[in-house]
file final-v4.cif (mmCIF, C-alpha atoms and all ligand atoms)
data_data
#
loop_
_atom_site.group_PDB
_atom_site.id
_atom_site.type_symbol
_atom_site.label_atom_id
_atom_site.label_comp_id
_atom_site.auth_asym_id
_atom_site.auth_seq_id
_atom_site.Cartn_x
_atom_site.Cartn_y
_atom_site.Cartn_z
ATOM 1 C CA MET A 26 -22.609 11.079 -8.250
ATOM 2 C CA VAL A 27 -18.944 10.893 -7.446
ATOM 3 C CA LEU A 28 -16.843 13.961 -7.886
ATOM 4 C CA ARG A 29 -13.542 13.030 -9.383
ATOM 5 C CA ASN A 30 -10.042 14.099 -8.547
ATOM 6 C CA GLU A 31 -9.355 17.621 -9.714
ATOM 7 C CA GLY A 32 -5.578 17.595 -9.467
ATOM 8 C CA VAL A 33 -3.413 19.891 -7.390
ATOM 9 C CA ASP A 34 -4.770 22.662 -5.241
ATOM 10 C CA LEU A 35 -2.920 25.945 -5.199
ATOM 11 C CA ASP A 36 -2.882 26.700 -1.516
ATOM 12 C CA ASP A 37 -0.492 24.212 -0.072
ATOM 13 C CA GLY A 38 0.827 22.185 -2.939
ATOM 14 C CA VAL A 39 -1.037 19.195 -1.585
ATOM 15 C CA GLU A 40 -2.428 16.880 -4.172
ATOM 16 C CA ASP A 41 -6.159 16.470 -3.932
ATOM 17 C CA GLU A 42 -7.122 13.141 -2.450
ATOM 18 C CA GLY A 43 -10.889 13.419 -2.324
ATOM 19 C CA VAL A 44 -12.633 10.237 -1.449
ATOM 20 C CA ASP A 45 -13.856 8.284 -4.420
ATOM 21 C CA LEU A 46 -16.801 6.329 -3.096
ATOM 22 C CA ASP A 47 -16.200 3.569 -5.589
ATOM 23 C CA ASP A 48 -12.819 2.820 -4.109
ATOM 24 C CA GLY A 49 -13.925 -0.050 -1.949
ATOM 25 C CA VAL A 50 -14.858 1.780 1.253
ATOM 26 C CA GLU A 51 -17.438 -0.482 2.777
ATOM 27 C CA ASP A 52 -19.546 -0.797 5.866
ATOM 28 C CA GLU A 53 -17.057 -2.184 8.380
ATOM 29 C CA SER A 54 -19.233 -2.131 11.454
ATOM 30 C CA GLY A 55 -19.475 -5.912 11.256
ATOM 31 C CA VAL A 56 -23.155 -6.173 12.200
ATOM 32 C CA GLU A 57 -25.064 -8.029 9.516
ATOM 33 C CA ASP A 58 -28.383 -9.700 10.335
ATOM 34 C CA GLU A 59 -30.175 -12.266 12.460
ATOM 35 C CA GLY A 60 -28.315 -15.557 12.363
ATOM 36 C CA GLN A 61 -24.875 -13.893 12.355
ATOM 37 C CA THR A 62 -22.471 -15.792 14.585
ATOM 38 C CA PHE A 63 -19.508 -14.674 16.679
ATOM 39 C CA GLY A 64 -16.629 -16.746 17.974
ATOM 40 C CA SER A 65 -17.186 -15.632 21.567
ATOM 41 C CA LYS A 66 -19.101 -13.273 23.801
ATOM 42 C CA GLU A 67 -16.184 -10.855 23.717
ATOM 43 C CA GLU A 68 -16.155 -10.805 19.917
ATOM 44 C CA MET A 69 -19.848 -10.007 19.808
ATOM 45 C CA ARG A 70 -19.406 -7.215 22.358
ATOM 46 C CA ASP A 71 -16.485 -5.690 20.431
ATOM 47 C CA ILE A 72 -18.353 -5.737 17.132
ATOM 48 C CA PHE A 73 -21.362 -3.998 18.631
ATOM 49 C CA ARG A 74 -19.083 -1.432 20.252
ATOM 50 C CA GLU A 75 -17.634 -0.723 16.814
ATOM 51 C CA TYR A 76 -21.153 -0.506 15.434
ATOM 52 C CA ALA A 77 -22.177 2.029 18.099
ATOM 53 C CA ILE A 78 -19.186 4.228 17.347
ATOM 54 C CA ARG A 79 -19.755 4.139 13.600
ATOM 55 C CA GLU A 80 -23.470 4.825 13.936
ATOM 56 C CA VAL A 81 -22.856 7.486 16.620
ATOM 57 C CA VAL A 82 -25.343 5.974 19.045
ATOM 58 C CA THR A 83 -25.093 4.770 22.639
ATOM 59 C CA LEU A 84 -26.031 1.183 23.413
ATOM 60 C CA GLY A 85 -27.270 -0.102 26.736
ATOM 61 C CA ARG A 86 -26.510 -3.680 27.725
ATOM 62 C CA ILE A 87 -29.575 -4.911 29.535
ATOM 63 C CA LYS A 88 -28.464 -8.563 29.581
ATOM 64 C CA ASN A 89 -24.794 -9.343 29.693
ATOM 65 C CA ASP A 90 -24.036 -12.757 31.134
ATOM 66 C CA LEU A 91 -22.378 -15.981 30.041
ATOM 67 C CA VAL A 92 -25.231 -17.125 27.815
ATOM 68 C CA ARG A 93 -27.119 -13.969 26.801
ATOM 69 C CA GLN A 94 -26.296 -10.587 25.317
ATOM 70 C CA THR A 95 -29.127 -8.087 24.867
ATOM 71 C CA TYR A 96 -28.453 -4.538 23.710
ATOM 72 C CA VAL A 97 -30.829 -1.625 23.215
ATOM 73 C CA CYS A 98 -30.344 1.900 21.948
ATOM 74 C CA LYS A 99 -30.247 4.175 24.986
ATOM 75 C CA SER A 100 -32.135 7.027 23.338
ATOM 76 C CA ASP A 101 -35.719 7.397 24.543
ATOM 77 C CA GLY A 102 -38.217 5.706 22.257
ATOM 78 C CA CYS A 103 -35.656 4.357 19.790
ATOM 79 C CA PRO A 104 -36.715 0.859 18.649
ATOM 80 C CA TRP A 105 -33.216 -0.489 17.914
ATOM 81 C CA ARG A 106 -32.601 -3.718 19.812
ATOM 82 C CA THR A 107 -30.680 -6.950 19.456
ATOM 83 C CA HIS A 108 -30.488 -10.177 21.363
ATOM 84 C CA GLY A 109 -27.859 -12.886 21.065
ATOM 85 C CA SER A 110 -27.381 -16.153 22.877
ATOM 86 C CA GLN A 111 -24.810 -18.847 23.265
ATOM 87 C CA THR A 112 -24.889 -21.658 20.734
ATOM 88 C CA ILE A 113 -24.731 -25.382 21.344
ATOM 89 C CA ASP A 114 -20.922 -25.410 21.416
ATOM 90 C CA LYS A 115 -21.146 -23.300 24.621
ATOM 91 C CA LYS A 116 -18.698 -20.754 23.238
ATOM 92 C CA SER A 117 -20.020 -19.083 20.081
ATOM 93 C CA PHE A 118 -22.843 -16.545 20.077
ATOM 94 C CA ILE A 119 -25.600 -16.050 17.537
ATOM 95 C CA ILE A 120 -27.899 -13.044 16.888
ATOM 96 C CA LYS A 121 -31.438 -14.269 17.502
ATOM 97 C CA THR A 122 -33.244 -10.958 16.993
ATOM 98 C CA LEU A 123 -32.110 -7.675 15.459
ATOM 99 C CA VAL A 124 -34.392 -4.651 15.065
ATOM 100 C CA ASP A 125 -31.968 -2.611 12.989
ATOM 101 C CA LYS A 126 -33.761 0.728 12.915
ATOM 102 C CA HIS A 127 -32.871 3.933 14.739
ATOM 103 C CA ASP A 128 -35.262 6.820 15.324
ATOM 104 C CA CYS A 129 -32.767 8.690 17.470
ATOM 105 C CA HIS A 130 -30.349 11.551 16.858
ATOM 106 C CA ARG A 131 -26.587 11.315 16.848
ATOM 107 C CA VAL A 132 -24.870 11.582 20.217
ATOM 108 C CA HIS A 133 -21.971 13.998 20.590
ATOM 109 C CA ASN A 134 -20.167 12.283 23.440
ATOM 110 C CA ASN A 135 -19.932 8.633 22.538
ATOM 111 C CA ASN A 136 -19.055 6.671 25.662
ATOM 112 C CA GLU A 137 -18.202 3.608 23.627
ATOM 113 C CA ALA A 138 -14.928 5.137 22.396
ATOM 114 C CA LYS A 139 -12.989 4.265 25.540
ATOM 115 C CA VAL A 140 -9.223 4.154 26.039
ATOM 116 C CA LYS A 141 -9.045 0.476 25.152
ATOM 117 C CA TRP A 142 -10.840 1.000 21.856
ATOM 118 C CA ILE A 143 -8.722 4.018 20.903
ATOM 119 C CA THR A 144 -5.580 2.099 21.814
ATOM 120 C CA SER A 145 -6.536 -0.765 19.530
ATOM 121 C CA LYS A 146 -6.903 1.683 16.621
ATOM 122 C CA VAL A 147 -3.631 3.561 17.013
ATOM 123 C CA GLU A 148 -1.334 1.052 18.688
ATOM 124 C CA SER A 149 0.599 0.006 15.580
ATOM 125 C CA LEU A 150 1.066 3.604 14.453
ATOM 126 C CA VAL A 151 2.377 4.710 17.838
ATOM 127 C CA LYS A 152 4.782 1.764 17.962
ATOM 128 C CA SER A 153 6.200 2.644 14.563
ATOM 129 C CA ASN A 154 6.315 6.364 15.326
ATOM 130 C CA PRO A 155 6.542 6.976 19.098
ATOM 131 C CA ILE A 156 6.684 10.776 18.788
ATOM 132 C CA VAL A 157 3.393 11.063 16.901
ATOM 133 C CA SER A 158 1.201 13.757 18.485
ATOM 134 C CA ALA A 159 -2.185 13.165 20.125
ATOM 135 C CA LYS A 160 -3.745 15.737 17.801
ATOM 136 C CA LEU A 161 -2.571 13.857 14.733
ATOM 137 C CA LEU A 162 -3.976 10.604 16.131
ATOM 138 C CA GLY A 163 -7.307 12.309 16.696
ATOM 139 C CA ASP A 164 -7.319 13.658 13.135
ATOM 140 C CA LEU A 165 -6.532 10.222 11.749
ATOM 141 C CA LEU A 166 -9.475 8.662 13.554
ATOM 142 C CA LEU A 167 -11.741 11.483 12.424
ATOM 143 C CA GLU A 168 -10.674 11.067 8.796
ATOM 144 C CA ARG A 169 -11.228 7.325 8.926
ATOM 145 C CA TYR A 170 -14.774 7.675 10.197
ATOM 146 C CA LEU A 171 -15.522 10.486 7.763
ATOM 147 C CA ARG A 172 -14.932 8.009 4.968
ATOM 148 C CA GLN A 173 -17.492 5.707 6.498
ATOM 149 C CA TYR A 174 -19.903 8.627 6.779
ATOM 150 C CA ALA A 175 -19.354 9.402 3.083
ATOM 151 C CA TYR A 176 -20.017 5.823 2.122
ATOM 152 C CA THR A 177 -23.214 5.654 4.179
ATOM 153 C CA LEU A 178 -24.516 8.910 2.714
ATOM 154 C CA ASN A 179 -23.985 7.645 -0.791
ATOM 155 C CA GLN A 180 -25.716 4.379 -0.012
ATOM 156 C CA THR A 181 -28.758 5.996 1.555
ATOM 157 C CA ASN A 182 -28.975 9.055 -0.734
ATOM 158 C CA PRO A 183 -28.015 8.075 -4.285
ATOM 159 C CA GLY A 184 -26.661 10.998 -6.231
ATOM 160 C CA THR A 185 -25.151 12.694 -3.179
ATOM 161 C CA ALA A 186 -21.959 14.611 -3.858
ATOM 162 C CA ILE A 187 -19.549 14.238 -0.974
ATOM 163 C CA ARG A 188 -15.922 15.005 -1.380
ATOM 164 C CA ILE A 189 -13.262 14.921 1.300
ATOM 165 C CA LYS A 190 -9.880 16.496 0.883
ATOM 166 C CA ILE A 191 -7.049 15.040 2.890
ATOM 167 C CA GLN A 192 -3.668 16.616 3.521
ATOM 168 C CA ARG A 193 -1.257 14.168 2.010
ATOM 169 C CA GLN A 194 1.747 14.762 4.263
ATOM 170 C CA LEU A 195 -0.241 14.453 7.468
ATOM 171 C CA THR A 196 -3.095 12.337 6.111
ATOM 172 C CA THR A 197 -5.465 14.525 8.078
ATOM 173 C CA PHE A 198 -8.804 16.105 7.274
ATOM 174 C CA HIS A 199 -8.641 19.320 5.287
ATOM 175 C CA ARG A 200 -12.037 20.037 3.711
ATOM 176 C CA LEU A 201 -15.400 18.440 3.039
ATOM 177 C CA PHE A 202 -17.977 19.287 0.383
ATOM 178 C CA LEU A 203 -21.526 17.923 0.684
ATOM 179 C CA SER A 204 -24.708 18.324 -1.325
ATOM 180 C CA PHE A 205 -27.649 15.989 -1.823
ATOM 181 C CA GLN A 206 -29.211 15.083 -5.142
ATOM 182 C CA ALA A 207 -32.552 16.519 -3.972
ATOM 183 C CA GLN A 208 -30.870 19.887 -3.376
ATOM 184 C CA LYS A 209 -29.434 19.944 -6.870
ATOM 185 C CA GLN A 210 -32.726 18.916 -8.438
ATOM 186 C CA GLY A 211 -34.694 21.418 -6.377
ATOM 187 C CA PHE A 212 -32.362 24.237 -7.369
ATOM 188 C CA LEU A 213 -32.314 23.457 -11.080
ATOM 189 C CA GLU A 214 -36.046 22.856 -11.375
ATOM 190 C CA GLY A 215 -37.639 25.177 -8.855
ATOM 191 C CA CYS A 216 -35.355 28.028 -7.796
ATOM 192 C CA ARG A 217 -34.287 31.345 -9.211
ATOM 193 C CA PRO A 218 -30.829 31.423 -10.801
ATOM 194 C CA PHE A 219 -29.367 33.017 -7.707
ATOM 195 C CA ILE A 220 -26.852 31.673 -5.182
ATOM 196 C CA GLY A 221 -25.887 33.347 -1.932
ATOM 197 C CA LEU A 222 -22.608 32.409 -0.286
ATOM 198 C CA ILE A 223 -22.274 32.702 3.455
ATOM 199 C CA ARG A 224 -19.853 31.548 6.114
ATOM 200 C CA CYS A 225 -19.684 31.100 9.853
ATOM 201 C CA HIS A 226 -17.357 29.752 12.512
ATOM 202 C CA LEU A 227 -18.047 26.289 13.902
ATOM 203 C CA LYS A 228 -18.099 26.355 17.689
ATOM 204 C CA GLY A 229 -18.009 22.588 18.251
ATOM 205 C CA PRO A 230 -15.046 20.608 19.564
ATOM 206 C CA CYS A 231 -13.401 20.426 16.124
ATOM 207 C CA GLY A 232 -13.694 24.130 15.258
ATOM 208 C CA GLY A 233 -13.202 25.247 11.658
ATOM 209 C CA MET A 234 -15.415 27.126 9.229
ATOM 210 C CA LEU A 235 -18.691 26.351 7.517
ATOM 211 C CA LEU A 236 -19.106 27.736 4.017
ATOM 212 C CA SER A 237 -22.532 27.338 2.531
ATOM 213 C CA ALA A 238 -24.458 28.150 -0.622
ATOM 214 C CA VAL A 239 -28.166 28.939 -0.508
ATOM 215 C CA ALA A 240 -30.715 29.765 -3.178
ATOM 216 C CA LEU A 241 -34.135 31.432 -3.221
ATOM 217 C CA ASP A 242 -37.211 29.440 -4.115
ATOM 218 C CA ALA A 243 -40.341 30.744 -5.828
ATOM 219 C CA ASN A 244 -41.703 32.062 -2.496
ATOM 220 C CA ASN A 245 -38.504 33.995 -1.759
ATOM 221 C CA CYS A 246 -37.638 31.482 0.958
ATOM 222 C CA ILE A 247 -34.113 30.261 1.515
ATOM 223 C CA PHE A 248 -33.301 26.963 -0.143
ATOM 224 C CA PRO A 249 -30.136 25.232 1.187
ATOM 225 C CA LEU A 250 -27.918 24.096 -1.638
ATOM 226 C CA THR A 251 -24.615 22.852 -0.333
ATOM 227 C CA VAL A 252 -22.112 23.136 2.509
ATOM 228 C CA CYS A 253 -18.362 22.962 2.829
ATOM 229 C CA ILE A 254 -16.483 22.383 6.073
ATOM 230 C CA CYS A 255 -12.909 23.588 6.103
ATOM 231 C CA LYS A 256 -10.262 24.311 8.670
ATOM 232 C CA LYS A 257 -9.747 27.916 7.620
ATOM 233 C CA LYS A 258 -11.525 30.404 5.431
ATOM 234 C CA THR A 259 -8.969 31.171 2.747
ATOM 235 C CA LYS A 260 -9.008 32.125 -0.893
ATOM 236 C CA PHE A 261 -8.213 28.522 -1.757
ATOM 237 C CA SER A 262 -11.045 27.172 0.364
ATOM 238 C CA TRP A 263 -13.464 29.274 -1.681
ATOM 239 C CA ILE A 264 -11.900 28.184 -4.975
ATOM 240 C CA TRP A 265 -12.180 24.531 -3.968
ATOM 241 C CA PHE A 266 -15.759 25.000 -2.801
ATOM 242 C CA ILE A 267 -16.896 26.869 -5.938
ATOM 243 C CA ASN A 268 -15.172 24.348 -8.180
ATOM 244 C CA ASN A 269 -17.003 21.453 -6.531
ATOM 245 C CA LEU A 270 -20.251 23.393 -6.708
ATOM 246 C CA LYS A 271 -19.794 23.877 -10.437
ATOM 247 C CA MET A 272 -19.040 20.209 -11.014
ATOM 248 C CA PHE A 273 -22.033 19.087 -9.001
ATOM 249 C CA LEU A 274 -24.617 21.531 -10.330
ATOM 250 C CA GLN A 275 -23.787 21.204 -14.017
ATOM 251 C CA PHE A 276 -25.616 24.491 -14.450
ATOM 252 C CA PRO A 277 -26.472 25.158 -18.132
ATOM 253 C CA GLN A 278 -23.863 27.496 -19.578
ATOM 254 C CA ASP A 279 -26.376 29.386 -21.687
ATOM 255 C CA LYS A 280 -28.408 30.456 -18.622
ATOM 256 C CA HIS A 281 -27.638 33.440 -16.475
ATOM 257 C CA LEU A 282 -26.561 32.890 -12.870
ATOM 258 C CA CYS A 283 -26.028 35.451 -10.126
ATOM 259 C CA PHE A 284 -23.894 35.081 -6.981
ATOM 260 C CA MET A 285 -24.091 37.197 -3.878
ATOM 261 C CA SER A 286 -21.521 37.283 -1.081
ATOM 262 C CA ASP A 287 -20.085 39.546 1.589
ATOM 263 C CA LYS A 288 -16.879 40.128 -0.374
ATOM 264 C CA GLN A 289 -14.952 37.296 1.186
ATOM 265 C CA LYS A 290 -11.326 36.916 0.313
ATOM 266 C CA GLY A 291 -11.018 34.758 -2.783
ATOM 267 C CA PHE A 292 -14.657 34.896 -3.746
ATOM 268 C CA ILE A 293 -14.142 36.961 -6.901
ATOM 269 C CA THR A 294 -11.156 34.882 -7.960
ATOM 270 C CA ALA A 295 -13.141 31.669 -7.516
ATOM 271 C CA LEU A 296 -16.045 32.975 -9.590
ATOM 272 C CA GLU A 297 -13.825 34.326 -12.353
ATOM 273 C CA THR A 298 -12.216 30.919 -12.608
ATOM 274 C CA HIS A 299 -15.250 28.655 -12.441
ATOM 275 C CA PHE A 300 -18.269 30.834 -13.328
ATOM 276 C CA PRO A 301 -16.791 33.503 -15.600
ATOM 277 C CA LEU A 302 -20.175 34.442 -17.088
ATOM 278 C CA ALA A 303 -22.007 34.813 -13.767
ATOM 279 C CA SER A 304 -22.799 38.227 -12.343
ATOM 280 C CA THR A 305 -21.975 39.151 -8.758
ATOM 281 C CA ARG A 306 -23.627 41.185 -6.032
ATOM 282 C CA PHE A 307 -22.601 42.016 -2.467
ATOM 283 C CA TYR A 308 -24.686 42.070 0.670
ATOM 284 C CA ALA A 309 -25.839 45.593 1.468
ATOM 285 C CA ARG A 310 -25.205 44.962 5.141
ATOM 286 C CA ARG A 311 -21.543 44.294 4.474
ATOM 287 C CA ILE A 312 -21.206 47.324 2.212
ATOM 288 C CA TYR A 313 -22.840 49.461 4.886
ATOM 289 C CA ALA A 314 -20.434 48.133 7.527
ATOM 290 C CA ASN A 315 -17.546 49.525 5.457
ATOM 291 C CA PHE A 316 -19.454 52.712 4.667
ATOM 292 C CA ARG A 317 -20.190 53.332 8.354
ATOM 293 C CA SER A 318 -16.529 53.309 9.299
ATOM 294 C CA SER A 319 -15.984 56.371 7.060
ATOM 295 C CA TYR A 320 -19.415 57.971 7.471
ATOM 296 C CA PRO A 321 -20.826 57.230 10.939
ATOM 297 C CA GLY A 322 -24.149 58.500 12.224
ATOM 298 C CA ASN A 323 -27.858 58.074 11.630
ATOM 299 C CA ASN A 324 -28.070 60.702 8.895
ATOM 300 C CA TYR A 325 -25.631 58.852 6.694
ATOM 301 C CA LYS A 326 -27.363 55.583 7.559
ATOM 302 C CA LYS A 327 -30.667 56.939 6.290
ATOM 303 C CA MET A 328 -28.996 58.240 3.141
ATOM 304 C CA PHE A 329 -27.442 54.846 2.545
HETATM 305 ZN ZN ZN B 401 -31.198 4.680 18.338
#
call {"tool": "encode", "arguments": {"input": "final-v4.cif", "output": "structure tokens", "more": "lines below"}}
Ligand SMILES: [Zn+2]
result
Amino acid sequence: MVLRNEGVDLDDGVEDEGVDLDDGVEDESGVEDEGQTFGSKEEMRDIFREYAIREVVTLGRIKNDLVRQTYVCKSDGCPWRTHGSQTIDKKSFIIKTLVDKHDCHRVHNNNEAKVKWITSKVESLVKSNPIVSAKLLGDLLLERYLRQYAYTLNQTNPGTAIRIKIQRQLTTFHRLFLSFQAQKQGFLEGCRPFIGLIRCHLKGPCGGMLLSAVALDANNCIFPLTVCICKKKTKFSWIWFINNLKMFLQFPQDKHLCFMSDKQKGFITALETHFPLASTRFYARRIYANFRSSYPGNNYKKMF
């Protein structure tokens, strides 16, 4: 499922430019199958470097000479492997074997993205705009590879809702909404009509906030429903998140739905706009935190 453009957001006047996965974004890693040929050894090496960066894996080059190129995935036990050799013209290379299957996890520090590679990606932009900041260049690269991530998710998980919002003026990442078809189906067919909204700070190198929606299944266990990554937790982030949630869930209007939150800024506004018939509850822990500031002490705690 592709979530369509919803028009203009209210927070910054930036027109929504969510990625439409039908817009021609394709797998650009360049690695195809056994029998694929490359004009030279260097071309083959560059294409597999691009592949490693897109797949977020680290490749080891166990044979790297004038006539052979053999790469393996460096993660322990991962079966991915390829071998290429020089063809009869003594210049081109051909993939002889390709075991295109990874059992490994993503790596967080990808050594393949070296200075030379980064330079090749941003050179033309820097030449046309010499005062462009390093942060903006980093955001541009991130946004570009997010699109590839969105495309891959949709290919491997049909029905996935992934929507990326880009700031038009800076063409940098703003927000991301993600939910899988299995999560939607599981919620509609097997969970109570209850959604809890929670948030936390992301401590990784990119920072930002994680907003998430969870449900309760028949055993009272938490059932993850969807996540949203945004730069800041604002009223407009919640409105955007709730709007995408509504579009994805297609929850029947004649059924009752209940939301619970910790009274985040913008939460009520978002619900009034997109789920006007839903009821709302607030986490007791949050209510008690406010209560305690006026009525401290164990006696009041017990009364609460
Ligand atoms: Zn691997």
call {"tool": "residues_near_ligand", "arguments": {"input": "final-v4.cif", "ligand": "ligand ZN 401 (chain B)", "cutoff": "12 Å", "atoms": "only C-alpha atoms and all ligand atoms", "output": "PyMOL selection string"}}
result
chain A and resi 76-77+80-85+96-107+124-132
call {"tool": "atom_distance", "arguments": {"input": "final-v4.cif", "atom1": "atom CA of Phe261 of chain A", "atom2": "atom CA of Leu171 of chain A"}}
result
21.7 Å
call {"tool": "resolve_selection", "arguments": {"input": "final-v4.cif", "expression": "the PyMOL selection byres (((chain A and resi 282) around 12) and not hetatm)", "output": "MDAnalysis selection string"}}
result
chainID A and resid 212:213 216:221 240 271 274 276:281 283:285 296 300:306
call {"tool": "atom_distance", "arguments": {"input": "final-v4.cif", "atom1": "atom CA of Lys256 of chain A", "atom2": "atom CA of Arg200 of chain A"}}
result
6.8 Å
call {"tool": "closest_residue", "arguments": {"input": "final-v4.cif", "among": "A:Asn245, A:His299, A:Val151, A:Lys116", "to": "Gln275 of chain A", "atoms": "all atoms listed in the file"}}
result
A:His299
call {"tool": "closest_residue", "arguments": {"input": "final-v4.cif", "among": "A:Leu201, A:Cys246, A:Cys225, A:Val92", "to": "Asp114 of chain A", "atoms": "only C-alpha atoms"}}
result
A:Val92
call {"tool": "atom_distance", "arguments": {"input": "final-v4.cif", "atom1": "atom CA of Gln206 of chain A", "atom2": "atom CA of Ala186 of chain A"}}
result
7.4 Å
call {"tool": "axis_aligned_box", "arguments": {"input": "final-v4.cif", "around": "segment 138-143 of chain A", "padding_each_side": "8 Å", "output": "JSON"}}
result
{"center_x": -11.8, "center_y": 2.8, "center_z": 23.5, "size_x": 22.2, "size_y": 20.7, "size_z": 21.1}
